[in-house]
$ cat query.cif   # mmCIF, N, CA and C atoms and all ligand atoms
data_data
#
loop_
_atom_site.label_atom_id
_atom_site.label_comp_id
_atom_site.auth_asym_id
_atom_site.auth_seq_id
_atom_site.Cartn_x
_atom_site.Cartn_y
_atom_site.Cartn_z
N MET A 1 -11.03 -25.81 39.86
CA MET A 1 -11.43 -25.45 41.21
C MET A 1 -10.76 -24.18 41.67
N ASN A 2 -9.43 -24.17 41.57
CA ASN A 2 -8.68 -23.07 42.15
C ASN A 2 -8.09 -22.21 41.04
N ARG A 3 -8.35 -20.89 41.08
CA ARG A 3 -7.85 -20.02 40.03
C ARG A 3 -6.62 -19.24 40.50
N SER A 4 -5.99 -19.72 41.58
CA SER A 4 -4.77 -19.09 42.07
C SER A 4 -3.72 -19.10 40.99
N SER A 5 -2.89 -18.04 40.95
CA SER A 5 -1.82 -18.00 39.96
C SER A 5 -0.78 -19.08 40.23
N HIS A 6 -0.86 -19.69 41.43
CA HIS A 6 0.10 -20.74 41.77
C HIS A 6 -0.36 -22.11 41.27
N ILE A 7 -1.58 -22.19 40.79
CA ILE A 7 -2.11 -23.46 40.32
C ILE A 7 -2.22 -23.42 38.81
N ASP A 8 -1.72 -24.42 38.15
CA ASP A 8 -1.83 -24.50 36.71
C ASP A 8 -3.28 -24.83 36.35
N PRO A 9 -4.01 -23.87 35.74
CA PRO A 9 -5.43 -24.10 35.46
C PRO A 9 -5.66 -25.28 34.53
N GLU A 10 -4.64 -25.63 33.75
CA GLU A 10 -4.78 -26.76 32.85
C GLU A 10 -4.66 -28.08 33.60
N LEU A 11 -4.08 -28.03 34.79
CA LEU A 11 -3.82 -29.27 35.51
C LEU A 11 -4.74 -29.49 36.70
N CYS A 12 -5.33 -28.43 37.24
CA CYS A 12 -6.23 -28.61 38.38
C CYS A 12 -7.39 -29.52 37.95
N ARG A 13 -7.54 -30.62 38.67
CA ARG A 13 -8.56 -31.62 38.30
C ARG A 13 -9.92 -31.28 38.89
N ARG A 14 -9.99 -30.19 39.64
CA ARG A 14 -11.22 -29.80 40.35
C ARG A 14 -11.72 -30.97 41.21
N CYS A 15 -10.76 -31.60 41.87
CA CYS A 15 -11.11 -32.75 42.72
C CYS A 15 -11.69 -32.29 44.05
N GLY A 16 -11.45 -31.02 44.41
CA GLY A 16 -11.99 -30.48 45.65
C GLY A 16 -11.26 -30.91 46.90
N GLN A 17 -10.18 -31.67 46.73
CA GLN A 17 -9.49 -32.18 47.90
C GLN A 17 -8.99 -31.05 48.81
N CYS A 18 -8.59 -29.95 48.20
CA CYS A 18 -8.05 -28.84 49.01
C CYS A 18 -9.14 -28.17 49.84
N CYS A 19 -10.40 -28.49 49.61
CA CYS A 19 -11.50 -27.87 50.36
C CYS A 19 -12.26 -28.90 51.19
N ARG A 20 -11.79 -30.14 51.16
CA ARG A 20 -12.54 -31.20 51.87
C ARG A 20 -12.00 -31.49 53.26
N THR A 21 -10.73 -31.18 53.46
CA THR A 21 -10.16 -31.39 54.79
C THR A 21 -9.51 -30.09 55.24
N TYR A 22 -9.31 -29.99 56.55
CA TYR A 22 -8.65 -28.83 57.12
C TYR A 22 -7.57 -29.32 58.05
N GLU A 23 -6.38 -28.72 57.94
CA GLU A 23 -5.25 -29.23 58.72
C GLU A 23 -4.68 -28.15 59.63
N ILE A 24 -4.33 -28.57 60.84
CA ILE A 24 -3.71 -27.66 61.80
C ILE A 24 -2.41 -28.30 62.27
N GLU A 25 -1.34 -27.54 62.18
CA GLU A 25 -0.02 -28.06 62.56
C GLU A 25 0.31 -27.73 64.01
N TYR A 26 0.87 -28.70 64.69
CA TYR A 26 1.33 -28.51 66.07
C TYR A 26 2.79 -28.94 66.13
N SER A 27 3.63 -28.07 66.66
CA SER A 27 5.05 -28.43 66.81
C SER A 27 5.21 -29.42 67.96
N ARG A 28 6.03 -30.44 67.73
CA ARG A 28 6.29 -31.43 68.79
C ARG A 28 7.01 -30.80 69.97
N ASP A 29 7.58 -29.62 69.76
CA ASP A 29 8.32 -28.95 70.83
C ASP A 29 7.40 -28.30 71.85
N TRP A 30 6.11 -28.24 71.53
CA TRP A 30 5.19 -27.55 72.44
C TRP A 30 5.10 -28.24 73.79
N ASP A 31 4.70 -27.47 74.77
CA ASP A 31 4.43 -28.02 76.10
C ASP A 31 3.38 -29.13 75.95
N PRO A 32 3.58 -30.26 76.65
CA PRO A 32 2.62 -31.38 76.53
C PRO A 32 1.18 -30.97 76.85
N VAL A 33 1.03 -30.01 77.74
CA VAL A 33 -0.34 -29.56 78.05
C VAL A 33 -0.96 -28.89 76.83
N ASP A 34 -0.18 -28.05 76.14
CA ASP A 34 -0.69 -27.41 74.92
C ASP A 34 -0.94 -28.46 73.83
N LEU A 35 -0.01 -29.42 73.71
CA LEU A 35 -0.19 -30.46 72.69
C LEU A 35 -1.42 -31.32 72.95
N SER A 36 -1.84 -31.40 74.22
CA SER A 36 -3.00 -32.24 74.54
C SER A 36 -4.29 -31.65 73.96
N GLU A 37 -4.19 -30.43 73.41
CA GLU A 37 -5.36 -29.86 72.72
C GLU A 37 -5.82 -30.80 71.60
N ILE A 38 -4.85 -31.48 70.96
CA ILE A 38 -5.21 -32.44 69.90
C ILE A 38 -6.15 -33.51 70.47
N ASP A 39 -5.78 -34.06 71.63
CA ASP A 39 -6.63 -35.10 72.24
C ASP A 39 -7.99 -34.53 72.63
N ARG A 40 -7.98 -33.28 73.11
CA ARG A 40 -9.25 -32.66 73.51
C ARG A 40 -10.18 -32.47 72.30
N ILE A 41 -9.61 -32.02 71.21
CA ILE A 41 -10.41 -31.83 70.00
C ILE A 41 -10.94 -33.17 69.50
N ARG A 42 -10.08 -34.21 69.55
CA ARG A 42 -10.50 -35.54 69.08
C ARG A 42 -11.56 -36.16 69.98
N ALA A 43 -11.68 -35.63 71.19
CA ALA A 43 -12.68 -36.16 72.13
C ALA A 43 -14.04 -35.48 71.96
N LEU A 44 -14.10 -34.44 71.14
CA LEU A 44 -15.36 -33.72 70.98
C LEU A 44 -16.43 -34.63 70.35
N ALA A 45 -17.55 -34.75 71.02
CA ALA A 45 -18.63 -35.61 70.54
C ALA A 45 -19.13 -35.13 69.18
N GLY A 46 -19.24 -36.07 68.25
CA GLY A 46 -19.79 -35.73 66.94
C GLY A 46 -18.81 -35.02 66.02
N PHE A 47 -17.64 -34.75 66.50
CA PHE A 47 -16.65 -34.01 65.71
C PHE A 47 -15.32 -34.73 65.70
N GLY A 48 -14.92 -35.20 66.89
CA GLY A 48 -13.61 -35.80 67.05
C GLY A 48 -13.37 -37.04 66.20
N ASP A 49 -14.45 -37.78 65.91
CA ASP A 49 -14.24 -38.98 65.09
C ASP A 49 -13.99 -38.64 63.62
N ARG A 50 -14.07 -37.36 63.28
CA ARG A 50 -13.73 -36.93 61.91
C ARG A 50 -12.29 -36.41 61.85
N CYS A 51 -11.57 -36.55 62.97
CA CYS A 51 -10.20 -36.03 63.04
C CYS A 51 -9.20 -37.18 63.11
N SER A 52 -8.05 -36.96 62.50
CA SER A 52 -6.95 -37.92 62.62
C SER A 52 -5.66 -37.12 62.76
N VAL A 53 -4.61 -37.81 63.15
CA VAL A 53 -3.32 -37.14 63.32
C VAL A 53 -2.30 -37.75 62.37
N ARG A 54 -1.65 -36.89 61.61
CA ARG A 54 -0.57 -37.33 60.73
C ARG A 54 0.75 -36.88 61.36
N GLU A 55 1.66 -37.83 61.51
CA GLU A 55 2.93 -37.51 62.14
C GLU A 55 3.95 -37.14 61.07
N GLU A 56 4.55 -35.95 61.23
CA GLU A 56 5.61 -35.54 60.33
C GLU A 56 6.81 -35.15 61.18
N GLU A 57 7.95 -35.01 60.55
CA GLU A 57 9.15 -34.70 61.31
C GLU A 57 8.98 -33.36 62.04
N GLY A 58 9.03 -33.40 63.35
CA GLY A 58 8.94 -32.18 64.15
C GLY A 58 7.54 -31.62 64.29
N THR A 59 6.56 -32.27 63.66
CA THR A 59 5.22 -31.71 63.63
C THR A 59 4.15 -32.80 63.74
N LEU A 60 3.09 -32.48 64.44
CA LEU A 60 1.90 -33.30 64.42
C LEU A 60 0.84 -32.50 63.66
N VAL A 61 0.19 -33.14 62.71
CA VAL A 61 -0.80 -32.43 61.90
C VAL A 61 -2.18 -33.01 62.20
N LEU A 62 -3.04 -32.17 62.74
CA LEU A 62 -4.41 -32.59 63.00
C LEU A 62 -5.20 -32.40 61.70
N VAL A 63 -5.76 -33.49 61.19
CA VAL A 63 -6.49 -33.45 59.92
C VAL A 63 -7.98 -33.56 60.23
N ILE A 64 -8.72 -32.51 59.94
CA ILE A 64 -10.15 -32.49 60.18
C ILE A 64 -10.85 -32.79 58.86
N ASP A 65 -11.54 -33.92 58.82
CA ASP A 65 -12.12 -34.40 57.56
C ASP A 65 -13.58 -33.98 57.46
N ILE A 66 -13.77 -32.69 57.27
CA ILE A 66 -15.13 -32.14 57.11
C ILE A 66 -15.08 -31.14 55.96
N PRO A 67 -15.85 -31.36 54.90
CA PRO A 67 -15.76 -30.45 53.76
C PRO A 67 -16.31 -29.07 54.08
N CYS A 68 -15.78 -28.10 53.37
CA CYS A 68 -16.24 -26.72 53.52
C CYS A 68 -17.71 -26.62 53.06
N ARG A 69 -18.48 -25.81 53.75
CA ARG A 69 -19.90 -25.67 53.40
C ARG A 69 -20.11 -25.01 52.05
N TYR A 70 -19.08 -24.35 51.52
CA TYR A 70 -19.22 -23.65 50.25
C TYR A 70 -18.77 -24.49 49.05
N LEU A 71 -18.32 -25.71 49.33
CA LEU A 71 -17.86 -26.58 48.24
C LEU A 71 -19.08 -27.21 47.57
N VAL A 72 -19.15 -27.07 46.24
CA VAL A 72 -20.29 -27.66 45.52
C VAL A 72 -19.77 -28.59 44.43
N GLU A 73 -20.55 -29.63 44.17
CA GLU A 73 -20.16 -30.63 43.19
C GLU A 73 -21.17 -30.66 42.05
N GLU A 74 -20.66 -30.76 40.84
CA GLU A 74 -21.53 -30.91 39.68
C GLU A 74 -20.83 -31.81 38.68
N ASP A 75 -21.47 -32.90 38.35
CA ASP A 75 -20.91 -33.88 37.39
C ASP A 75 -19.51 -34.34 37.76
N GLY A 76 -19.28 -34.49 39.06
CA GLY A 76 -17.98 -35.00 39.51
C GLY A 76 -16.89 -33.96 39.65
N PHE A 77 -17.22 -32.71 39.33
CA PHE A 77 -16.23 -31.64 39.47
C PHE A 77 -16.66 -30.70 40.59
N TYR A 78 -15.68 -30.22 41.33
CA TYR A 78 -15.97 -29.38 42.49
C TYR A 78 -15.61 -27.93 42.23
N SER A 79 -16.38 -27.04 42.85
CA SER A 79 -16.06 -25.62 42.75
C SER A 79 -16.51 -24.91 44.03
N CYS A 80 -16.06 -23.68 44.16
CA CYS A 80 -16.36 -22.89 45.36
C CYS A 80 -17.52 -21.94 45.05
N SER A 81 -18.59 -22.04 45.80
CA SER A 81 -19.77 -21.23 45.51
C SER A 81 -19.60 -19.76 45.92
N VAL A 82 -18.53 -19.45 46.65
CA VAL A 82 -18.31 -18.06 47.07
C VAL A 82 -16.95 -17.57 46.58
N TYR A 83 -16.48 -18.18 45.49
CA TYR A 83 -15.13 -17.87 45.00
C TYR A 83 -14.92 -16.37 44.80
N ASP A 84 -15.91 -15.70 44.25
CA ASP A 84 -15.76 -14.28 43.94
C ASP A 84 -16.41 -13.38 44.97
N ASP A 85 -16.62 -13.89 46.16
CA ASP A 85 -17.25 -13.10 47.22
C ASP A 85 -16.26 -12.96 48.38
N PRO A 86 -15.44 -11.90 48.36
CA PRO A 86 -14.40 -11.76 49.38
C PRO A 86 -14.96 -11.60 50.80
N GLY A 87 -16.23 -11.25 50.92
CA GLY A 87 -16.83 -11.12 52.25
C GLY A 87 -17.09 -12.47 52.89
N ARG A 88 -17.16 -13.52 52.08
CA ARG A 88 -17.46 -14.85 52.62
C ARG A 88 -16.32 -15.83 52.41
N ARG A 89 -15.60 -15.69 51.32
CA ARG A 89 -14.49 -16.62 51.07
C ARG A 89 -13.30 -16.23 51.95
N PRO A 90 -12.86 -17.15 52.79
CA PRO A 90 -11.77 -16.83 53.71
C PRO A 90 -10.51 -16.38 52.97
N LEU A 91 -9.81 -15.42 53.56
CA LEU A 91 -8.59 -14.90 52.96
C LEU A 91 -7.56 -16.01 52.75
N MET A 92 -7.53 -16.99 53.65
CA MET A 92 -6.53 -18.06 53.50
C MET A 92 -6.80 -18.88 52.24
N CYS A 93 -8.05 -18.92 51.78
CA CYS A 93 -8.35 -19.62 50.55
C CYS A 93 -7.77 -18.86 49.36
N GLU A 94 -7.82 -17.52 49.47
CA GLU A 94 -7.27 -16.69 48.40
C GLU A 94 -5.76 -16.91 48.28
N HIS A 95 -5.15 -17.19 49.41
CA HIS A 95 -3.69 -17.36 49.44
C HIS A 95 -3.27 -18.82 49.29
N PHE A 96 -4.21 -19.70 49.09
CA PHE A 96 -3.87 -21.10 48.87
C PHE A 96 -2.96 -21.21 47.66
N PRO A 97 -1.95 -22.04 47.60
CA PRO A 97 -1.64 -23.06 48.59
C PRO A 97 -0.64 -22.63 49.65
N TYR A 98 -0.21 -21.35 49.63
CA TYR A 98 0.89 -20.99 50.51
C TYR A 98 0.47 -20.48 51.88
N ALA A 99 -0.82 -20.31 52.12
CA ALA A 99 -1.23 -19.87 53.45
C ALA A 99 -1.12 -21.02 54.43
N HIS A 100 -1.09 -22.23 53.93
CA HIS A 100 -1.08 -23.39 54.80
C HIS A 100 -0.08 -24.38 54.25
N THR A 101 1.08 -24.46 54.88
CA THR A 101 2.21 -25.17 54.28
C THR A 101 1.92 -26.64 53.99
N THR A 102 1.14 -27.31 54.84
CA THR A 102 0.94 -28.74 54.62
C THR A 102 0.09 -29.00 53.39
N ARG A 103 -0.54 -27.97 52.85
CA ARG A 103 -1.36 -28.19 51.67
C ARG A 103 -0.64 -27.79 50.39
N ALA A 104 0.62 -27.40 50.54
CA ALA A 104 1.35 -26.98 49.35
C ALA A 104 1.81 -28.18 48.53
N ASP A 105 1.34 -29.37 48.90
CA ASP A 105 1.80 -30.55 48.19
C ASP A 105 0.82 -31.03 47.13
N CYS A 106 -0.15 -30.21 46.78
CA CYS A 106 -1.01 -30.56 45.65
C CYS A 106 -0.10 -30.77 44.44
N PRO A 107 -0.25 -31.87 43.73
CA PRO A 107 0.66 -32.14 42.61
C PRO A 107 0.56 -31.13 41.50
N HIS A 108 -0.45 -30.26 41.57
CA HIS A 108 -0.64 -29.33 40.47
C HIS A 108 -0.22 -27.90 40.80
N VAL A 109 0.44 -27.76 41.94
CA VAL A 109 0.94 -26.43 42.31
C VAL A 109 2.13 -26.10 41.42
N ARG A 110 2.17 -24.86 40.93
CA ARG A 110 3.31 -24.45 40.11
C ARG A 110 4.57 -24.44 40.97
N GLU A 111 5.70 -24.58 40.33
CA GLU A 111 6.97 -24.49 41.05
C GLU A 111 7.18 -23.05 41.51
N GLY A 112 7.65 -22.90 42.75
CA GLY A 112 8.04 -21.58 43.26
C GLY A 112 6.87 -20.68 43.55
N ARG A 113 7.19 -19.48 44.01
CA ARG A 113 6.17 -18.49 44.32
C ARG A 113 6.33 -17.33 43.38
N SER A 114 5.25 -16.69 43.08
CA SER A 114 5.35 -15.49 42.22
C SER A 114 4.49 -14.40 42.83
S1 LIG A 201 -6.35 -30.34 45.39
FE1 LIG A 201 -5.24 -29.47 43.65
S2 LIG A 201 -6.15 -30.48 41.87
FE2 LIG A 201 -7.59 -30.75 43.56
S3 LIG A 201 -9.00 -29.01 43.37
FE3 LIG A 201 -7.38 -28.42 44.80
S4 LIG A 201 -5.90 -27.31 43.52
FE4 LIG A 201 -7.19 -28.52 42.15
S1 LIG A 202 -14.47 -21.11 50.88
FE1 LIG A 202 -14.32 -21.94 48.82
S2 LIG A 202 -12.09 -22.05 48.38
FE2 LIG A 202 -12.37 -21.86 50.62
S3 LIG A 202 -12.38 -23.98 51.41
FE3 LIG A 202 -14.52 -23.34 51.06
S4 LIG A 202 -15.00 -24.07 48.97
FE4 LIG A 202 -12.76 -24.06 49.20
#
$ encode --input "query.cif" --output "structure tokens" --more "lines below"
Ligand code: SF4
Ligand code: SF4
Amino acid sequence: MNRSSHIDPELCRRCGQCCRTYEIEYSRDWDPVDLSEIDRIRALAGFGDRCSVREEEGTLVLVIDIPCRYLVEEDGFYSCSVYDDPGRRPLMCEHFPYAHTTRADCPHVREGRS
């Protein structure tokens, strides 16, 4: 799935998990009014019921369970249909797994950064 130099190509199972959910981190230190954005998003009709909150130390993580429109499946393996199209593939995908810290826990991420 992912050809990042940080992912061992021999180990990536092409499970597509990194493209099926989207996570946004909120610091618990934020003003309660700002933090209530999580509740507002979860209240969105037709969208909010796809969201959940994961509690981590010092952080609330809003998990949006909606797959990317560019994720394609074939014979149980997932790939990105715009992988080589920088005009459509978001830059944060190019920088995965380090553009989004909560996703750096894929078991197949190489140790360290290079
Ligand atoms: S979550 Fe990890 S193993 Fe699964 S497709 Fe993404 S990089 Fe590969
Ligand atoms: S654009 Fe491609 S790499 Fe990025 S989330 Fe979608 S399928 Fe995954």
$ closest_residue --input "query.cif" --among "A:Pro67, A:Ser27, A:Asp85, A:Ser79" --to "ligand LIG 201 (chain A)" --atoms "all atoms listed in the file"
A:Ser79
$ residues_near_ligand --input "query.cif" --ligand "ligand LIG 202 (chain A)" --cutoff "9 Å" --atoms "only C-alpha atoms and all ligand atoms" --output "PyMOL selection string"
chain A and resi 1-2+16-22+67-72+78-83+88-94+96
$ closest_residue --input "query.cif" --among "A:Asp84, A:Leu60, A:Glu73, A:Ile66" --to "Glu25 (chain A)" --atoms "only N, CA and C atoms"
A:Leu60
$ axis_aligned_box --input "query.cif" --around "ligand LIG 201 (chain A)" --padding-each-side "4 Å" --output "JSON"
{"center_x": -7.1, "center_y": -29.0, "center_z": 43.6, "size_x": 11.8, "size_y": 11.4, "size_z": 11.5}
$ closest_residue --input "query.cif" --among "A:Val33, A:Cys15, A:Leu44, A:Ile38" --to "ligand LIG 201 (chain A)" --atoms "only C-alpha atoms and all ligand atoms"
A:Cys15
$ atom_distance --input "query.cif" --atom1 "CA of Glu37 (chain A)" --atom2 "atom FE1 of ligand LIG 201 (chain A)"
29.1 Å
$ closest_residue --input "query.cif" --among "A:Trp30, A:His95, A:Phe77, A:Phe47" --to "Arg14 (chain A)" --atoms "all atoms listed in the file"
A:Phe77
